[in-house]
Structures are given as structure tokens and as C-alpha cells.
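**Student:** Dumping the structure here so I can ask a few things about it.
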Amino acid sequence: MDGTNDDRIRRLDDWDTDGLTALAEEFETPLYVIDLERVSENCNRLRDAFPEAEVRYAVKAHTGRSVLETVRRAGLDAECASAGEVERALAAGFRGDSLHYTAVNPPARDLDAVVSAWDDHPDITVTVGAADTLDRLDERGFDGRVCLRVNPGIGAGHHEKVRTGGHAKFGVPLSRAPETAIDAARRFDLVGLHAHAGSGISGADLADHRELVGRMGELARTVAEELSVEGLPGLEYVDVGGGFGVPYREEEPPLDLNAVAAATRDALGTVPGRDGDAARLAIEPGRYVVADAGVLLTRVNTVKPTPDTTIVGVDAGMTDLIRPALYDAYHPIANLSANLSQEAIPATVAGPICESADVFCDNRPLTRPERGDVLAVGIAGAYGYEMASQYNSRPRPAEVAVDGSDLSDSRPVRHRETVEDLTRVERPIEPLEDHE
Ligand SMILES: *Cc1c(COP(=O)(O)O)cnc(C)c1O
């Protein structure tokens, strides 16, 4: 496009090898490294590409305090998927008018907590995906800002997979959306319509995104007209969700944000809004903000040649980064300790968990790894630490923050958990001495 928007992704090769190795030495492994300057850059790239839109960070991609503060300073709003996320966003300084809580089958405890937060922060917006969530809010005395989440049924008839299963879980069916929206507007302050397709928007895949946005534009015009007929306030925004794709594989091209923005504007069209203004566009990327700002460092503890492959045993596993095990996700992996003269061998990098899914890659060329080498797993900033667990009684890893390419100025932002952290919630059923 015009070249003002830098679409480059930060690849594993772009990190300073010696700097990462030094961090692994200082803070030990497994260790997450998060570059907060890169997080800011990603926020700015999104705002540059969508200057007219409200940009909301879907905090579930990485809810670390350091990231939340960075995103807030970069001027983005926060989109929260649970009461816990709302609480953490407030603690990180987000104000009520920049907080959006998207209730997915919300547990009573979550609704109670969010309605109580709303008492203190009356500008919080609650996005509801079922008509009875409106009733449940009503029962709790809530009469504030709501947004209606719609299931746009994208690909119905073309892509069987997205029509069934989990997708019906999210949002009010498109066919019922106008009546539910009007009902919501009569009882609450209906400020927006929302849809999130869930799948990654990629260069190849803009047609689906266009289709989703087009349907949302059409729906919003229908709803706007009915609101106006009823004399109710108009919509402030149409939120078309997140899902901005990140190219995990080296050969994948980065997303052309300007092209996505142009397609989004074009497909949405003009939607009449509130007080004579047009309704604004809103987007809520999560992954795009943090993915390439994070790296997971891990140390090789075992090298085992087998007839099929070489097993490279490392001290990080699916408990630290579950995406490969859960989604067959690809993450780039490099041996930071190898020198260039060493040859690559087909390697299967495996973690220490008693699960066959606990592998980061199968038979992938890796510069000959030796015991003690430090490996870097790239593009690990999104849904990395966030989905970490303590399975196998593995304390979660530490996280250190850096600012830009000079890694010498680092600071720990999450301490490495201990077994004590795991057992803090437990109570013994008998004192140990009775047992002897
Ligand atoms: C997860 C989620 C997002 C962010 O998705 P990404 O793929 O990380 O961009 C946005 N909106 C909602 C409602 C979500 O649940």
C-alpha cells in the first residue's frame, strides 16, 4: 500500500542470540521473554492502519501486568473474557470507559463481580451473547451499557466445520439479532453490535472476513433503522472482532494490515449511529498485539538418537506452551548455542511431561543440539504463558521483560513458581504425625 505501515513481523532470527542466551543464564529456563517495546509497536501499527476505529486488546492472549500497562499506555481499550480479566485490567489502570466485558455463558459469580465493578465504573460495557444473559443482568439491577454479540454464521453452506459445534455457543443467531437488539435497547443502553469469527484473518482468507463484516454492516443498518423508528438512541459502534493472523511459519507472508483495513471499511459501509454521527468501527485483536513480542527459552537436557529421529529433550513442555499439543501449532525453534559450522539434523523436540502430545516439533531440521544448549521457541507471546498449567506438578515458568532489541536492560515481571505456589490452596486431611 502506501508503505507507511510497517507490516514486518519480528522473526526468531531478529532477536539477539547472545542477549537471549545471557537471559537464560541469569534467570534460568524455561523462561518467557517479552519485549514491551514490540508490544507498543504492534499497538501503534494497528492504530495507524485503523485510525478511525476503536482498537481493543483482547487481553486473554497475554494478561501479564506488564503487557496490560503497556497496552493501556499505547491507548488501546481492553476486551475481557471473564470477571478475572476485568479485575486485572482495572488493576492495571484501564478506566471503565475503556473496558469491555464479553460474557460467554457467564457464571453467576462472574456476573456478580462485573456488576459490582460496574457500580464503581459505570462506563463498563457488557457484551452479551444470549438473550437470557440480558435477563440475568436485569435481575442484578444492571441497566448500563450493553453490546449484543451476534453469531454471523460465516461460511454456512461452504464450510461445514464452522457451522456446527462450538460456534453456536457464541452469540445470538443472526436471524434473531434484530429483535434481541431492540429488546436490549428498551431495557439497557444498547451501544454496539459485535461478532468475532475466531479464525485467523490471513492474506488468503480475507474473503471470509469481508463476508462477516458485510453481514454485520447489513445487520447494523437494520437495527439502526428500527432503533430510530422506536425513538431509541442509536449505535455507537460495530465491533468486528479479532483474529488478525500472525505468520508463525518462516515462509508465510505477514498480514497486510492496510489491506485488511481497506477491506473492512469497504465491507462495513456506513452505519447510522448516535446523535447524527456514523457508528464507529471497533476491532479487538489479541494475538496480533503480543505474539511476535514473546520468546520461550528452554535448555536441552537429553539428546537421544533413535532409528527414526533424534529426540531432543528440553526443560519446557506443553505445560509452558500448549499450542503445539493442543492445535498442532507451528512455532519456529532455533538452537542459540550452536555455531554456524554445525550441521542440522532432523530433531524431535520433546518436553518432560508424561504425554505423547508433549512435543514442540517432529523431525524438524535443527542445528545439532547438545546437552546444555539453549533453544528459543519463537512467536510465543500470545496464548503462551496464558495457557500454561501446573500439570505434572510443574511450577509455571518465569517471565522477564525487555524494551527493544538491546536485551541487556531486562527486568523480571513474573517470578518462577515454586511447588509451594502449587500446594498453597491445599489442606491436608490428617496431620503428618498421625500417619507415623
Ligand atoms: C479471543 C478473542 C479475541 C482475540 O482473538 P485473537 O485471535 O487473539 O485476535 C477477540 N474477541 C473475542 C471475543 C475473543 O474471544
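Following the order of the C-alpha cells, first chain is A, next is B, and so on, with residues numbered from 1 inside each chain and ligands from 1 in the order they appear.
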Write out as a PyMOL selection string the residues lying within 9 Å of region 66-70 of chain A, counting only C-alpha atoms and excluding same-chain residues fewer than 5 positions away.
**Tutor:** chain A and resi 34+36-37+39-40+57+59+75+78+88-89+92-94+290+401+413
**Student:** With DSSP run on the backbone, what are the helix (DSSP H, G or I) residues within region 58-192 of chain A? I'd like them as a tab-separated table (two decimals) with N, CA, C and O atoms, in the first residue's frame.
**Tutor:**
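Produced file states-v8.tsv, reproduced below:
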```tsv
chain	number	residue	atom	x	y	z
A	59	VAL	N	-7.46	-9.22	26.00
A	59	VAL	CA	-6.40	-9.43	26.99
A	59	VAL	C	-6.09	-10.90	27.22
A	59	VAL	O	-5.03	-11.22	27.75
A	60	LYS	N	-6.98	-11.81	26.81
A	60	LYS	CA	-6.71	-13.21	27.12
A	60	LYS	C	-5.50	-13.76	26.38
A	60	LYS	O	-4.99	-14.81	26.74
A	61	ALA	N	-5.00	-13.04	25.38
A	61	ALA	CA	-3.80	-13.50	24.68
A	61	ALA	C	-2.57	-13.43	25.60
A	61	ALA	O	-1.64	-14.25	25.47
A	65	ARG	N	0.66	-8.29	33.84
A	65	ARG	CA	0.50	-6.89	34.25
A	65	ARG	C	1.35	-5.96	33.36
A	65	ARG	O	0.91	-4.89	32.96
A	66	SER	N	2.58	-6.38	33.06
A	66	SER	CA	3.48	-5.51	32.27
A	66	SER	C	2.89	-5.26	30.88
A	66	SER	O	3.01	-4.16	30.34
A	67	VAL	N	2.26	-6.28	30.31
A	67	VAL	CA	1.66	-6.12	28.98
A	67	VAL	C	0.41	-5.23	29.06
A	67	VAL	O	0.21	-4.33	28.24
A	68	LEU	N	-0.42	-5.47	30.08
A	68	LEU	CA	-1.64	-4.66	30.21
A	68	LEU	C	-1.28	-3.18	30.36
A	68	LEU	O	-1.88	-2.31	29.72
A	69	GLU	N	-0.27	-2.89	31.17
A	69	GLU	CA	0.12	-1.49	31.35
A	69	GLU	C	0.65	-0.89	30.04
A	69	GLU	O	0.36	0.26	29.70
A	70	THR	N	1.42	-1.69	29.32
A	70	THR	CA	1.99	-1.22	28.06
A	70	THR	C	0.89	-0.91	27.04
A	70	THR	O	0.91	0.12	26.36
A	71	VAL	N	-0.08	-1.81	26.96
A	71	VAL	CA	-1.18	-1.64	26.01
A	71	VAL	C	-2.03	-0.42	26.38
A	71	VAL	O	-2.45	0.37	25.53
A	72	ARG	N	-2.24	-0.25	27.69
A	72	ARG	CA	-3.02	0.92	28.13
A	72	ARG	C	-2.31	2.21	27.75
A	72	ARG	O	-2.91	3.13	27.22
A	73	ARG	N	-0.99	2.23	27.99
A	73	ARG	CA	-0.24	3.44	27.64
A	73	ARG	C	-0.25	3.70	26.15
A	73	ARG	O	-0.17	4.84	25.72
A	83	ALA	N	-14.58	-12.26	34.52
A	83	ALA	CA	-14.52	-11.27	35.60
A	83	ALA	C	-13.09	-11.11	36.09
A	83	ALA	O	-12.66	-10.01	36.45
A	84	GLY	N	-12.32	-12.20	36.06
A	84	GLY	CA	-10.93	-12.12	36.49
A	84	GLY	C	-10.14	-11.19	35.60
A	84	GLY	O	-9.30	-10.41	36.07
A	85	GLU	N	-10.39	-11.25	34.31
A	85	GLU	CA	-9.69	-10.36	33.39
A	85	GLU	C	-10.11	-8.90	33.61
A	85	GLU	O	-9.28	-7.99	33.52
A	86	VAL	N	-11.38	-8.69	33.91
A	86	VAL	CA	-11.84	-7.32	34.20
A	86	VAL	C	-11.09	-6.79	35.42
A	86	VAL	O	-10.59	-5.66	35.42
A	87	GLU	N	-10.99	-7.63	36.44
A	87	GLU	CA	-10.31	-7.22	37.66
A	87	GLU	C	-8.84	-6.88	37.38
A	87	GLU	O	-8.31	-5.87	37.87
A	88	ARG	N	-8.19	-7.70	36.58
A	88	ARG	CA	-6.78	-7.46	36.29
A	88	ARG	C	-6.59	-6.22	35.41
A	88	ARG	O	-5.62	-5.47	35.57
A	89	ALA	N	-7.53	-5.99	34.50
A	89	ALA	CA	-7.43	-4.80	33.64
A	89	ALA	C	-7.62	-3.53	34.48
A	89	ALA	O	-6.90	-2.54	34.30
A	90	LEU	N	-8.59	-3.56	35.41
A	90	LEU	CA	-8.78	-2.41	36.29
A	90	LEU	C	-7.54	-2.16	37.13
A	90	LEU	O	-7.08	-1.02	37.28
A	91	ALA	N	-6.96	-3.26	37.64
A	91	ALA	CA	-5.76	-3.12	38.48
A	91	ALA	C	-4.59	-2.54	37.67
A	91	ALA	O	-3.72	-1.87	38.22
A	96	GLY	N	-13.08	2.52	33.34
A	96	GLY	CA	-14.32	1.87	32.95
A	96	GLY	C	-14.69	2.10	31.50
A	96	GLY	O	-15.14	1.19	30.80
A	97	ASP	N	-14.48	3.33	31.01
A	97	ASP	CA	-14.91	3.62	29.63
A	97	ASP	C	-14.00	2.96	28.59
A	97	ASP	O	-14.26	3.06	27.40
A	98	SER	N	-12.93	2.30	29.04
A	98	SER	CA	-12.10	1.57	28.07
A	98	SER	C	-12.17	0.06	28.32
A	98	SER	O	-11.37	-0.70	27.82
A	108	ALA	N	-22.53	-17.24	37.33
A	108	ALA	CA	-23.18	-16.25	38.20
A	108	ALA	C	-22.12	-15.42	38.93
A	108	ALA	O	-22.25	-14.20	39.06
A	109	ARG	N	-21.05	-16.08	39.37
A	109	ARG	CA	-20.02	-15.37	40.12
A	109	ARG	C	-19.39	-14.27	39.26
A	109	ARG	O	-19.06	-13.18	39.76
A	110	ASP	N	-19.20	-14.55	37.98
A	110	ASP	CA	-18.62	-13.54	37.08
A	110	ASP	C	-19.57	-12.36	36.91
A	110	ASP	O	-19.17	-11.20	36.97
A	111	LEU	N	-20.86	-12.65	36.71
A	111	LEU	CA	-21.83	-11.55	36.54
A	111	LEU	C	-21.90	-10.71	37.82
A	111	LEU	O	-21.92	-9.49	37.76
A	112	ASP	N	-21.92	-11.39	38.96
A	112	ASP	CA	-21.95	-10.65	40.24
A	112	ASP	C	-20.75	-9.71	40.33
A	112	ASP	O	-20.88	-8.54	40.68
A	113	ALA	N	-19.58	-10.24	40.00
A	113	ALA	CA	-18.35	-9.45	40.14
A	113	ALA	C	-18.34	-8.27	39.16
A	113	ALA	O	-17.93	-7.16	39.51
A	114	VAL	N	-18.79	-8.52	37.93
A	114	VAL	CA	-18.74	-7.44	36.93
A	114	VAL	C	-19.79	-6.37	37.26
A	114	VAL	O	-19.53	-5.17	37.13
A	115	VAL	N	-20.98	-6.79	37.71
A	115	VAL	CA	-22.00	-5.80	38.07
A	115	VAL	C	-21.50	-4.98	39.27
A	115	VAL	O	-21.72	-3.76	39.33
A	116	SER	N	-20.78	-5.63	40.17
A	116	SER	CA	-20.24	-4.88	41.30
A	116	SER	C	-19.13	-3.92	40.85
A	116	SER	O	-19.05	-2.79	41.33
A	117	ALA	N	-18.32	-4.34	39.89
A	117	ALA	CA	-17.30	-3.42	39.33
A	117	ALA	C	-17.98	-2.25	38.62
A	117	ALA	O	-17.50	-1.11	38.65
A	118	TRP	N	-19.11	-2.55	37.98
A	118	TRP	CA	-19.86	-1.51	37.24
A	118	TRP	C	-20.40	-0.43	38.19
A	118	TRP	O	-20.49	0.75	37.81
A	119	ASP	N	-20.72	-0.82	39.43
A	119	ASP	CA	-21.15	0.17	40.42
A	119	ASP	C	-20.10	1.28	40.56
A	119	ASP	O	-20.42	2.46	40.66
A	120	ASP	N	-18.83	0.87	40.58
A	120	ASP	CA	-17.75	1.85	40.72
A	120	ASP	C	-17.30	2.43	39.38
A	120	ASP	O	-16.68	3.49	39.34
A	131	ALA	N	-29.88	-14.10	24.85
A	131	ALA	CA	-30.95	-13.24	25.36
A	131	ALA	C	-31.08	-13.39	26.87
A	131	ALA	O	-31.36	-12.41	27.58
A	132	ASP	N	-30.85	-14.58	27.39
A	132	ASP	CA	-31.08	-14.72	28.84
A	132	ASP	C	-29.97	-14.08	29.67
A	132	ASP	O	-30.14	-13.86	30.86
A	133	THR	N	-28.83	-13.77	29.05
A	133	THR	CA	-27.82	-13.00	29.80
A	133	THR	C	-28.37	-11.60	30.10
A	133	THR	O	-28.07	-11.02	31.15
A	134	LEU	N	-29.20	-11.08	29.20
A	134	LEU	CA	-29.83	-9.78	29.45
A	134	LEU	C	-30.71	-9.87	30.70
A	134	LEU	O	-30.68	-8.99	31.56
A	135	ASP	N	-31.48	-10.97	30.80
A	135	ASP	CA	-32.35	-11.15	31.97
A	135	ASP	C	-31.51	-11.24	33.24
A	135	ASP	O	-31.86	-10.69	34.28
A	136	ARG	N	-30.40	-11.98	33.14
A	136	ARG	CA	-29.56	-12.18	34.33
A	136	ARG	C	-28.92	-10.86	34.78
A	136	ARG	O	-28.70	-10.65	35.97
A	137	LEU	N	-28.60	-9.99	33.82
A	137	LEU	CA	-28.07	-8.67	34.18
A	137	LEU	C	-29.16	-7.83	34.85
A	137	LEU	O	-28.93	-7.16	35.86
A	138	ASP	N	-30.35	-7.89	34.25
A	138	ASP	CA	-31.51	-7.17	34.76
A	138	ASP	C	-31.78	-7.55	36.22
A	138	ASP	O	-31.94	-6.68	37.08
A	139	GLU	N	-31.78	-8.88	36.47
A	139	GLU	CA	-32.03	-9.38	37.83
A	139	GLU	C	-31.04	-8.81	38.83
A	139	GLU	O	-31.34	-8.71	40.02
A	160	GLU	N	-18.56	-26.52	6.40
A	160	GLU	CA	-19.34	-27.27	7.39
A	160	GLU	C	-18.81	-27.06	8.80
A	160	GLU	O	-19.57	-26.90	9.75
A	161	LYS	N	-17.49	-27.08	8.92
A	161	LYS	CA	-16.88	-27.10	10.26
A	161	LYS	C	-17.25	-25.87	11.09
A	161	LYS	O	-17.41	-25.98	12.29
A	162	VAL	N	-17.33	-24.73	10.45
A	162	VAL	CA	-17.60	-23.53	11.24
A	162	VAL	C	-19.08	-23.35	11.52
A	162	VAL	O	-19.47	-22.48	12.28
A	163	ARG	N	-19.92	-24.20	10.91
A	163	ARG	CA	-21.35	-24.02	11.09
A	163	ARG	C	-21.84	-24.74	12.35
A	163	ARG	O	-22.89	-24.44	12.87
A	165	GLY	N	-20.91	-27.33	16.02
A	165	GLY	CA	-20.01	-27.43	17.17
A	165	GLY	C	-19.96	-26.16	17.99
A	165	GLY	O	-20.97	-25.52	18.24
A	166	GLY	N	-18.78	-25.79	18.40
A	166	GLY	CA	-18.57	-24.70	19.33
A	166	GLY	C	-19.13	-23.38	18.86
A	166	GLY	O	-19.45	-22.53	19.67
A	167	HIS	N	-19.27	-23.22	17.58
A	167	HIS	CA	-19.60	-21.87	17.12
A	167	HIS	C	-20.98	-21.40	17.57
A	167	HIS	O	-21.16	-20.23	17.83
A	168	ALA	N	-21.96	-22.32	17.65
A	168	ALA	CA	-23.30	-21.90	18.09
A	168	ALA	C	-23.27	-21.39	19.53
A	168	ALA	O	-24.17	-20.69	19.98
A	169	LYS	N	-22.20	-21.75	20.23
A	169	LYS	CA	-22.02	-21.30	21.61
A	169	LYS	C	-21.91	-19.78	21.69
A	169	LYS	O	-22.25	-19.18	22.69
A	174	LEU	N	-27.91	-14.81	13.89
A	174	LEU	CA	-28.13	-13.61	13.07
A	174	LEU	C	-29.62	-13.35	12.86
A	174	LEU	O	-30.08	-12.20	12.95
A	175	SER	N	-30.40	-14.42	12.63
A	175	SER	CA	-31.82	-14.24	12.32
A	175	SER	C	-32.58	-13.65	13.51
A	175	SER	O	-33.61	-12.99	13.34
A	176	ARG	N	-32.10	-13.90	14.74
A	176	ARG	CA	-32.81	-13.38	15.92
A	176	ARG	C	-32.23	-12.04	16.38
A	176	ARG	O	-32.76	-11.43	17.32
A	177	ALA	N	-31.11	-11.65	15.76
A	177	ALA	CA	-30.37	-10.50	16.30
A	177	ALA	C	-31.19	-9.21	16.32
A	177	ALA	O	-31.17	-8.50	17.34
A	178	PRO	N	-31.96	-8.87	15.25
A	178	PRO	CA	-32.68	-7.58	15.31
A	178	PRO	C	-33.66	-7.51	16.48
A	178	PRO	O	-33.66	-6.52	17.23
A	179	GLU	N	-34.46	-8.56	16.70
A	179	GLU	CA	-35.44	-8.48	17.80
A	179	GLU	C	-34.74	-8.44	19.15
A	179	GLU	O	-35.16	-7.73	20.07
A	180	THR	N	-33.64	-9.22	19.29
A	180	THR	CA	-32.92	-9.21	20.57
A	180	THR	C	-32.29	-7.85	20.81
A	180	THR	O	-32.26	-7.35	21.95
A	181	ALA	N	-31.78	-7.25	19.74
A	181	ALA	CA	-31.16	-5.93	19.88
A	181	ALA	C	-32.18	-4.90	20.35
A	181	ALA	O	-31.90	-4.09	21.25
A	182	ILE	N	-33.37	-4.92	19.76
A	182	ILE	CA	-34.39	-3.95	20.15
A	182	ILE	C	-34.82	-4.17	21.59
A	182	ILE	O	-34.96	-3.23	22.39
A	183	ASP	N	-34.97	-5.46	21.95
A	183	ASP	CA	-35.31	-5.78	23.34
A	183	ASP	C	-34.23	-5.22	24.27
A	183	ASP	O	-34.54	-4.61	25.31
A	184	ALA	N	-32.96	-5.42	23.90
A	184	ALA	CA	-31.85	-4.92	24.73
A	184	ALA	C	-31.89	-3.41	24.84
A	184	ALA	O	-31.67	-2.84	25.91
A	185	ALA	N	-32.21	-2.74	23.73
A	185	ALA	CA	-32.19	-1.27	23.72
A	185	ALA	C	-33.31	-0.69	24.58
A	185	ALA	O	-33.21	0.41	25.11
A	186	ARG	N	-34.42	-1.45	24.70
A	186	ARG	CA	-35.52	-0.96	25.53
A	186	ARG	C	-35.17	-1.04	27.01
A	186	ARG	O	-35.66	-0.26	27.82
A	187	ARG	N	-34.34	-2.03	27.37
A	187	ARG	CA	-34.07	-2.28	28.80
A	187	ARG	C	-32.73	-1.73	29.27
A	187	ARG	O	-32.51	-1.55	30.45
```
**Student:** Find the residues around His331 (chain A) up to 9 Å (only C-alpha atoms counted), leave out those fewer than 5 positions away in its own chain, and share them as a ChimeraX atom specification.
**Tutor:** /A:248-249,323-324,360-361,377-380
**Student:** Taking only C-alpha atoms and all ligand atoms into account, which residues are within 6 Å of ligand 1, as a PyMOL selection string?
**Tutor:** chain A and resi 58+61+196+200+241-244+284-287
**Student:** I'd like the neighbourhood of Asn105 (chain A) as a CSV table (one decimal) with N, CA and C atoms, in the first residue's frame, where a residue qualifies if any of its atoms comes within 9 Å (using only C-alpha atoms), though same-chain residues fewer than 2 positions away should be ignored.
**Tutor:**
```csv
chain,number,residue,atom,x,y,z
A,103,ALA,N,-19.3,-11.5,27.8
A,103,ALA,CA,-19.7,-12.6,28.7
A,103,ALA,C,-20.1,-13.8,27.8
A,107,PRO,N,-20.7,-17.5,34.2
A,107,PRO,CA,-21.0,-18.0,35.5
A,107,PRO,C,-21.6,-16.9,36.4
A,128,VAL,N,-23.2,-9.2,25.4
A,128,VAL,CA,-23.9,-10.4,25.8
A,128,VAL,C,-24.1,-11.2,24.5
A,129,GLY,N,-24.1,-12.5,24.7
A,129,GLY,CA,-24.2,-13.4,23.5
A,129,GLY,C,-25.4,-14.3,23.6
A,130,ALA,N,-26.3,-14.0,24.6
A,130,ALA,CA,-27.6,-14.8,24.7
A,130,ALA,C,-28.6,-13.9,25.3
A,133,THR,N,-28.8,-13.8,29.1
A,133,THR,CA,-27.8,-13.0,29.8
A,133,THR,C,-28.4,-11.6,30.1
A,169,LYS,N,-22.2,-21.8,20.2
A,169,LYS,CA,-22.0,-21.3,21.6
A,169,LYS,C,-21.9,-19.8,21.7
A,170,PHE,N,-21.4,-19.2,20.6
A,170,PHE,CA,-21.0,-17.8,20.7
A,170,PHE,C,-22.1,-16.9,20.0
```
**Student:** Between CA of Ala49 (chain A) and CA of Ala74 (chain A), measure the distance and give it in Å to one decimal.
**Tutor:** 14.5 Å
**Student:** Give the answer as one residue: which of A:Met216, A:Ala293, A:Ala316, A:Cys354 has the shortest atom-to-atom distance to Gly269 (chain A), using only C-alpha atoms?
**Tutor:**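 Of A:Met216, A:Ala293, A:Ala316, A:Cys354, the one nearest Gly269 (chain A), counting only C-alpha atoms, is A:Met216.
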**Student:** How would you write, as a list in words, the set of residues in region 126-245 of chain A that DSSP gives as strand (DSSP E)?
**Tutor:**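 Filtering region 126-245 of chain A down to strand (DSSP E) leaves Val126, Thr127, Val128, Arg145, Val146, Cys147, Leu148, Arg149, Val150, Asn151, Val172, Pro173, Asp189, Leu190, Val191, Gly192, Leu193, His194, Tyr237, Val238 and Asp239 of chain A.
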**Student:** Counting only C-alpha atoms, which of A:Asp35, A:Ala261, A:Gln390, A:Asp362 gets nearest to Thr423 (chain A)?
**Tutor:**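 Residue with the minimum atom-to-atom distance to Thr423 (chain A): A:Gln390.
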**Student:** Of the residues A:Asp308, A:Glu211, A:Thr102, A:Arg145, which is the one nearest to Pro122 (chain A), using only C-alpha atoms?
**Tutor:**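 Nearest to Pro122 (chain A): A:Arg145.
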**Student:** Find the residues near Ala267 (chain A): any atom within 7 Å, counting only C-alpha atoms, skip ones fewer than 6 places away on the same chain, and give them as number ranges by chain.
**Tutor:** A: 210, 213-214
